[in-house]
file target.cif (mmCIF, C-alpha atoms)
data_data
#
loop_
_atom_site.group_PDB
_atom_site.id
_atom_site.type_symbol
_atom_site.label_atom_id
_atom_site.label_comp_id
_atom_site.auth_asym_id
_atom_site.auth_seq_id
_atom_site.Cartn_x
_atom_site.Cartn_y
_atom_site.Cartn_z
ATOM 1 C CA MET A 1 22.610 1.644 1.972
ATOM 2 C CA GLN A 2 22.160 5.049 0.323
ATOM 3 C CA VAL A 3 25.934 5.400 -0.108
ATOM 4 C CA SER A 4 26.135 1.980 -1.800
ATOM 5 C CA LEU A 5 23.225 2.801 -4.073
ATOM 6 C CA LEU A 6 24.757 6.148 -5.022
ATOM 7 C CA ARG A 7 28.098 4.494 -5.808
ATOM 8 C CA PHE A 8 26.342 1.909 -7.960
ATOM 9 C CA LEU A 9 24.379 4.571 -9.854
ATOM 10 C CA GLN A 10 27.563 6.521 -10.551
ATOM 11 C CA ASP A 11 29.846 3.623 -11.496
ATOM 12 C CA LYS A 12 27.339 0.933 -12.651
ATOM 13 C CA VAL A 13 29.567 -1.655 -10.963
ATOM 14 C CA ILE A 14 28.441 -4.489 -8.692
ATOM 15 C CA ILE A 15 30.257 -7.189 -6.746
ATOM 16 C CA PRO A 16 28.040 -10.291 -6.570
ATOM 17 C CA LEU A 17 27.799 -12.223 -3.315
ATOM 18 C CA ALA A 18 30.552 -14.849 -2.937
ATOM 19 C CA ASP A 19 32.602 -13.038 -5.584
ATOM 20 C CA ASN A 20 35.516 -10.636 -5.203
ATOM 21 C CA HIS A 21 35.533 -9.251 -8.727
ATOM 22 C CA PRO A 22 33.574 -6.161 -9.723
ATOM 23 C CA HIS A 23 31.256 -6.464 -12.716
ATOM 24 C CA LYS A 24 30.148 -3.539 -14.880
ATOM 25 C CA VAL A 25 26.437 -3.703 -15.681
ATOM 26 C CA ASP A 26 24.297 -1.875 -18.206
ATOM 27 C CA VAL A 27 21.011 -1.088 -16.481
ATOM 28 C CA ARG A 28 18.400 1.629 -16.231
ATOM 29 C CA VAL A 29 16.969 2.302 -12.784
ATOM 30 C CA ILE A 30 13.343 3.115 -12.075
ATOM 31 C CA ALA A 31 12.758 4.168 -8.480
ATOM 32 C CA ALA A 32 9.347 4.569 -6.866
ATOM 33 C CA THR A 33 8.340 6.061 -3.546
ATOM 34 C CA ASN A 34 5.244 7.214 -1.715
ATOM 35 C CA LYS A 35 7.248 9.886 0.128
ATOM 36 C CA ASN A 36 8.198 13.410 -0.868
ATOM 37 C CA LEU A 37 11.949 12.914 -1.280
ATOM 38 C CA ARG A 38 12.641 16.655 -1.423
ATOM 39 C CA LYS A 39 11.177 16.957 2.097
ATOM 40 C CA GLU A 40 13.077 13.848 3.211
ATOM 41 C CA VAL A 41 16.301 15.530 2.030
ATOM 42 C CA GLU A 42 15.411 18.653 4.016
ATOM 43 C CA LYS A 43 14.769 16.516 7.122
ATOM 44 C CA GLY A 44 18.111 14.750 6.672
ATOM 45 C CA ASN A 45 16.531 11.337 6.014
ATOM 46 C CA PHE A 46 17.652 11.088 2.390
ATOM 47 C CA ARG A 47 20.984 12.004 0.802
ATOM 48 C CA GLU A 48 20.801 15.059 -1.426
ATOM 49 C CA ASP A 49 23.354 13.708 -3.925
ATOM 50 C CA LEU A 50 21.362 10.476 -4.268
ATOM 51 C CA TYR A 51 18.161 12.476 -4.709
ATOM 52 C CA TYR A 52 19.674 14.397 -7.637
ATOM 53 C CA ARG A 53 21.125 11.211 -9.124
ATOM 54 C CA LEU A 54 17.691 9.531 -9.083
ATOM 55 C CA ASN A 55 15.655 12.595 -10.023
ATOM 56 C CA VAL A 56 16.317 12.546 -13.766
ATOM 57 C CA LEU A 57 12.714 12.158 -14.879
ATOM 58 C CA ASN A 58 10.003 12.610 -12.299
ATOM 59 C CA LEU A 59 6.540 11.112 -12.853
ATOM 60 C CA LYS A 60 3.757 11.588 -10.313
ATOM 61 C CA ILE A 61 1.176 8.826 -10.434
ATOM 62 C CA PRO A 62 -1.951 9.808 -8.511
ATOM 63 C CA PRO A 63 -3.612 7.250 -6.238
ATOM 64 C CA LEU A 64 -6.262 5.003 -7.759
ATOM 65 C CA ARG A 65 -9.097 6.904 -6.035
ATOM 66 C CA GLU A 66 -8.107 9.967 -8.110
ATOM 67 C CA ARG A 67 -8.095 8.106 -11.441
ATOM 68 C CA LYS A 68 -11.115 5.845 -11.340
ATOM 69 C CA ASP A 69 -11.383 5.927 -15.131
ATOM 70 C CA ASP A 70 -8.316 3.653 -15.119
ATOM 71 C CA ILE A 71 -10.073 0.958 -13.080
ATOM 72 C CA PRO A 72 -11.757 -0.917 -16.000
ATOM 73 C CA ILE A 73 -8.460 -0.970 -17.930
ATOM 74 C CA LEU A 74 -6.501 -2.135 -14.880
ATOM 75 C CA VAL A 75 -9.111 -4.763 -14.025
ATOM 76 C CA ASN A 76 -8.960 -6.176 -17.554
ATOM 77 C CA HIS A 77 -5.160 -6.314 -17.429
ATOM 78 C CA ILE A 78 -5.121 -7.904 -13.962
ATOM 79 C CA LEU A 79 -7.797 -10.415 -14.970
ATOM 80 C CA HIS A 80 -5.786 -11.583 -17.992
ATOM 81 C CA GLU A 81 -2.585 -11.700 -15.945
ATOM 82 C CA VAL A 82 -4.142 -13.790 -13.154
ATOM 83 C CA CYS A 83 -5.939 -16.125 -15.582
ATOM 84 C CA GLU A 84 -2.645 -16.760 -17.340
ATOM 85 C CA GLU A 85 -0.920 -17.385 -14.008
ATOM 86 C CA TYR A 86 -3.604 -19.901 -12.926
ATOM 87 C CA ARG A 87 -3.802 -21.340 -16.456
ATOM 88 C CA ILE A 88 -7.559 -20.901 -16.680
ATOM 89 C CA PRO A 89 -9.723 -19.366 -19.423
ATOM 90 C CA VAL A 90 -10.330 -15.626 -19.118
ATOM 91 C CA LYS A 91 -13.689 -14.902 -17.531
ATOM 92 C CA THR A 92 -15.960 -11.974 -18.293
ATOM 93 C CA LEU A 93 -16.910 -9.342 -15.728
ATOM 94 C CA SER A 94 -20.454 -8.218 -15.070
ATOM 95 C CA GLN A 95 -21.137 -4.490 -15.359
ATOM 96 C CA LYS A 96 -22.450 -4.480 -11.774
ATOM 97 C CA PHE A 97 -19.075 -5.860 -10.698
ATOM 98 C CA ILE A 98 -17.249 -3.007 -12.450
ATOM 99 C CA ASN A 99 -19.707 -0.436 -11.029
ATOM 100 C CA LYS A 100 -19.015 -1.647 -7.485
ATOM 101 C CA LEU A 101 -15.292 -1.286 -8.060
ATOM 102 C CA LEU A 102 -15.811 2.280 -9.269
ATOM 103 C CA GLN A 103 -17.686 3.185 -6.053
ATOM 104 C CA TYR A 104 -14.828 2.179 -3.754
ATOM 105 C CA ASP A 105 -11.972 4.518 -2.693
ATOM 106 C CA TRP A 106 -9.091 1.974 -2.862
ATOM 107 C CA PRO A 107 -6.896 2.911 0.117
ATOM 108 C CA GLY A 108 -4.614 0.004 -0.846
ATOM 109 C CA ASN A 109 -4.322 1.309 -4.424
ATOM 110 C CA VAL A 110 -3.578 -1.090 -7.291
ATOM 111 C CA ARG A 111 -2.279 -3.824 -4.946
ATOM 112 C CA GLU A 112 -5.652 -3.968 -3.234
ATOM 113 C CA LEU A 113 -7.423 -4.025 -6.607
ATOM 114 C CA HIS A 114 -5.172 -6.869 -7.786
ATOM 115 C CA ASN A 115 -5.844 -8.940 -4.651
ATOM 116 C CA LEU A 116 -9.587 -8.386 -4.899
ATOM 117 C CA ILE A 117 -9.699 -9.405 -8.587
ATOM 118 C CA GLU A 118 -7.590 -12.482 -7.899
ATOM 119 C CA ARG A 119 -9.832 -13.533 -5.000
ATOM 120 C CA ALA A 120 -13.015 -12.935 -7.049
ATOM 121 C CA LEU A 121 -11.602 -14.984 -9.914
ATOM 122 C CA VAL A 122 -10.641 -17.884 -7.665
ATOM 123 C CA VAL A 123 -14.020 -18.097 -5.892
ATOM 124 C CA SER A 124 -16.181 -17.498 -8.960
ATOM 125 C CA SER A 125 -17.942 -20.361 -10.677
ATOM 126 C CA GLY A 126 -18.961 -20.207 -14.295
ATOM 127 C CA ASP A 127 -17.673 -17.973 -17.067
ATOM 128 C CA GLU A 128 -18.604 -14.628 -15.515
ATOM 129 C CA ILE A 129 -17.409 -12.917 -12.362
ATOM 130 C CA SER A 130 -20.371 -11.300 -10.631
ATOM 131 C CA VAL A 131 -20.885 -8.949 -7.698
ATOM 132 C CA ASP A 132 -21.460 -11.999 -5.485
ATOM 133 C CA ASP A 133 -17.852 -13.036 -6.142
ATOM 134 C CA LEU A 134 -16.551 -9.633 -5.188
ATOM 135 C CA PHE A 135 -17.063 -9.793 -1.430
ATOM 136 C CA ILE A 136 -18.029 -6.152 -1.724
ATOM 137 C CA ASP A 137 -19.622 -6.443 1.711
ATOM 138 C CA GLU A 138 -16.090 -7.110 2.904
ATOM 139 C CA ILE A 139 -15.050 -3.767 1.419
ATOM 140 C CA HIS A 140 -17.836 -1.926 3.218
ATOM 141 C CA SER A 141 -17.307 -3.911 6.397
ATOM 142 C CA LYS A 142 -13.607 -2.998 6.160
ATOM 143 C CA GLU A 143 -14.625 0.654 6.407
ATOM 144 C CA GLN A 144 -16.888 -0.214 9.339
ATOM 145 C CA ILE A 145 -14.065 -2.154 11.002
ATOM 146 C CA ILE A 146 -11.770 0.868 10.651
ATOM 147 C CA ALA A 147 -14.416 3.131 12.213
ATOM 148 C CA SER A 148 -15.039 0.602 15.000
ATOM 149 C CA GLU A 149 -11.331 0.213 15.692
ATOM 150 C CA LYS A 150 -10.937 3.973 15.946
ATOM 151 C CA LEU A 151 -13.814 4.198 18.439
ATOM 152 C CA ALA A 152 -12.428 1.286 20.454
ATOM 153 C CA ILE A 153 -8.969 2.857 20.719
ATOM 154 C CA MET A 154 -10.448 6.217 21.692
ATOM 155 C CA ASP A 155 -12.521 4.467 24.353
ATOM 156 C CA LEU A 156 -9.414 2.700 25.674
ATOM 157 C CA LEU A 157 -7.546 6.014 25.777
ATOM 158 C CA GLU A 158 -10.229 7.331 28.122
ATOM 159 C CA ARG A 159 -10.503 4.139 30.166
ATOM 160 C CA TYR A 160 -6.737 3.771 30.695
ATOM 161 C CA ASP A 161 -6.149 7.502 31.132
ATOM 162 C CA ARG A 162 -4.027 7.660 27.930
ATOM 163 C CA ASN A 163 -1.536 5.053 29.210
ATOM 164 C CA ILE A 164 -0.215 3.623 25.926
ATOM 165 C CA SER A 165 1.501 0.656 27.571
ATOM 166 C CA ALA A 166 -1.705 -0.394 29.353
ATOM 167 C CA ILE A 167 -3.793 0.030 26.197
ATOM 168 C CA ALA A 168 -1.347 -1.985 24.065
ATOM 169 C CA LYS A 169 -1.346 -4.739 26.698
ATOM 170 C CA ALA A 170 -5.153 -4.772 26.813
ATOM 171 C CA MET A 171 -5.259 -5.053 23.012
ATOM 172 C CA GLY A 172 -2.530 -7.713 22.945
ATOM 173 C CA ILE A 173 -0.287 -5.717 20.613
ATOM 174 C CA ALA A 174 3.054 -3.934 20.840
ATOM 175 C CA ARG A 175 3.207 -0.240 21.698
ATOM 176 C CA THR A 176 4.739 0.511 18.282
ATOM 177 C CA THR A 177 1.806 -1.237 16.584
ATOM 178 C CA LEU A 178 -0.628 0.815 18.646
ATOM 179 C CA TYR A 179 1.169 4.049 17.745
ATOM 180 C CA ARG A 180 1.068 3.059 14.061
ATOM 181 C CA LYS A 181 -2.652 2.264 14.263
ATOM 182 C CA MET A 182 -3.320 5.575 15.967
ATOM 183 C CA LYS A 183 -1.356 7.425 13.299
ATOM 184 C CA ASN A 184 -3.224 5.630 10.489
ATOM 185 C CA LEU A 185 -6.563 6.353 12.180
ATOM 186 C CA ASN A 186 -5.645 10.010 12.850
ATOM 187 C CA ILE A 187 -5.986 9.608 16.609
ATOM 188 C CA GLU A 188 -4.092 12.160 18.625
ATOM 189 C CA ILE A 189 -3.517 11.874 22.352
ATOM 190 C CA VAL A 190 -4.799 14.909 24.202
ATOM 191 C CA TYR A 191 -3.457 15.006 27.730
ATOM 192 C CA LYS A 192 -5.538 16.666 30.416
ATOM 193 C CA CYS A 193 -3.879 19.500 32.254
ATOM 194 C CA ALA A 194 -3.741 19.254 36.019
ATOM 195 C CA LYS A 195 -5.676 21.994 37.805
#
call {"tool": "encode", "arguments": {"input": "target.cif", "output": "structure tokens"}}
result
Amino acid sequence: MQVSLLRFLQDKVIIPLADNHPHKVDVRVIAATNKNLRKEVEKGNFREDLYYRLNVLNLKIPPLRERKDDIPILVNHILHEVCEEYRIPVKTLSQKFINKLLQYDWPGNVRELHNLIERALVVSSGDEISVDDLFIDEIHSKEQIIASEKLAIMDLLERYDRNISAIAKAMGIARTTLYRKMKNLNIEIVYKCAK
């Protein structure tokens, strides 16, 4: 895939599906990633020539939790966008609603913010979206769920003597899913040394 993308970026030529003729296109490419591509090149996961082809202008956008001043602006934009999509009048937002948004860390970044605004808009009644429409308890309970899940997995690691297959089976999930959860929850397996 990287070879094909590199060729396209160099030649600006595509061959559409069900067509044998190449077509020259005039496009500008914006690429986004949450990975450090320089490190991926060093690890051999990303082609160096493609990296240099893409790395013309590099913009680092910090996560939402590091730019909370942007939240009111983003919320206003998202609100207008969603209202237009649903073809409903734009509602106002209570200040308490905005304040609650500013207190949250947004691990899901702007996507999570968008989903929360859309849900609040859909469930709200009246002309104003209030804290009651926010399901902010869901946000806090999400943090509690994460903490509970971490404790549960750590407990299962002890109970099943760190046997990943047995733990995954007990949880009703695949081993790969369990490994991913453990990675996301910063759970490391510490094996006991035999005496």
call {"tool": "residues_around", "arguments": {"input": "target.cif", "residues": "Lys24 in chain A", "least_positions_apart": "4", "cutoff": "8 Å", "atoms": "all atoms listed in the file", "output": "ChimeraX atom specification"}}
result
/A:11-14
call {"tool": "write_last_selection", "arguments": {"input": "target.cif", "atoms": "C-alpha atoms", "output": "mmCIF file, keeping the file's coordinate frame"}}
result
data_model
loop_
_atom_site.group_PDB
_atom_site.id
_atom_site.type_symbol
_atom_site.label_atom_id
_atom_site.label_comp_id
_atom_site.auth_asym_id
_atom_site.auth_seq_id
_atom_site.Cartn_x
_atom_site.Cartn_y
_atom_site.Cartn_z
ATOM 1 C CA ASP A 11 29.846 3.623 -11.496
ATOM 2 C CA LYS A 12 27.339 0.933 -12.651
ATOM 3 C CA VAL A 13 29.567 -1.655 -10.963
ATOM 4 C CA ILE A 14 28.441 -4.489 -8.692
#
call {"tool": "residues_around", "arguments": {"input": "target.cif", "residues": "Val41 in chain A", "least_positions_apart": "5", "cutoff": "12 Å", "atoms": "all atoms listed in the file", "output": "MDAnalysis selection string"}}
result
chainID A and resid 35:36 46:52
call {"tool": "residues_around", "arguments": {"input": "target.cif", "residues": "Ser94 in chain A", "least_positions_apart": "2", "cutoff": "12 Å", "atoms": "only C-alpha atoms", "output": "list in words"}}
result
Pro72, Val75, Asn76, Lys91, Thr92, Lys96, Phe97, Ile98, Asn99, Lys100, Leu101, Ala120, Ser124, Asp127, Glu128, Ile129, Ser130, Val131, Asp132, Asp133 and Leu134 of chain A
call {"tool": "closest_residue", "arguments": {"input": "target.cif", "among": "A:Ile88, A:Leu57, A:Leu64, A:Val122", "to": "Gly108 in chain A", "atoms": "only C-alpha atoms"}}
result
A:Leu64
call {"tool": "atom_distance", "arguments": {"input": "target.cif", "atom1": "CA of Leu113 in chain A", "atom2": "CA of Ile71 in chain A"}}
result
8.6 Å
call {"tool": "atom_distance", "arguments": {"input": "target.cif", "atom1": "CA of Val29 in chain A", "atom2": "CA of Pro107 in chain A"}}
result
27.1 Å
call {"tool": "residues_around", "arguments": {"input": "target.cif", "residues": "Glu188 in chain A", "least_positions_apart": "5", "cutoff": "10 Å", "atoms": "only C-alpha atoms", "output": "number ranges by chain"}}
result
A: 154, 179, 182-183
call {"tool": "write_last_selection", "arguments": {"input": "target.cif", "atoms": "C-alpha atoms", "output": "compact mmCIF listing (two decimals), in the frame of the given file"}}
result
# COMPACT_ATOMS: atom_id res chain seq x y z
CA MET A 154 -10.45 6.22 21.69
CA TYR A 179 1.17 4.05 17.74
CA MET A 182 -3.32 5.58 15.97
CA LYS A 183 -1.36 7.42 13.30
call {"tool": "atom_distance", "arguments": {"input": "target.cif", "atom1": "CA of Asn55 in chain A", "atom2": "CA of Ala32 in chain A"}}
result
10.7 Å
call {"tool": "closest_residue", "arguments": {"input": "target.cif", "among": "A:Leu54, A:Ala31, A:Leu178, A:Ala147", "to": "Leu6 in chain A", "atoms": "only C-alpha atoms"}}
result
A:Leu54
call {"tool": "resolve_selection", "arguments": {"input": "target.cif", "expression": "the PyMOL selection byres ((chain A and resi 106) around 10)", "output": "PyMOL selection string"}}
result
chain A and resi 63-66+68+101-105+107-113+139
call {"tool": "residues_around", "arguments": {"input": "target.cif", "residues": "His80 in chain A", "least_positions_apart": "3", "cutoff": "12 Å", "atoms": "all atoms listed in the file", "output": "ChimeraX atom specification"}}
result
/A:73-77,83-93,114,117-118,121
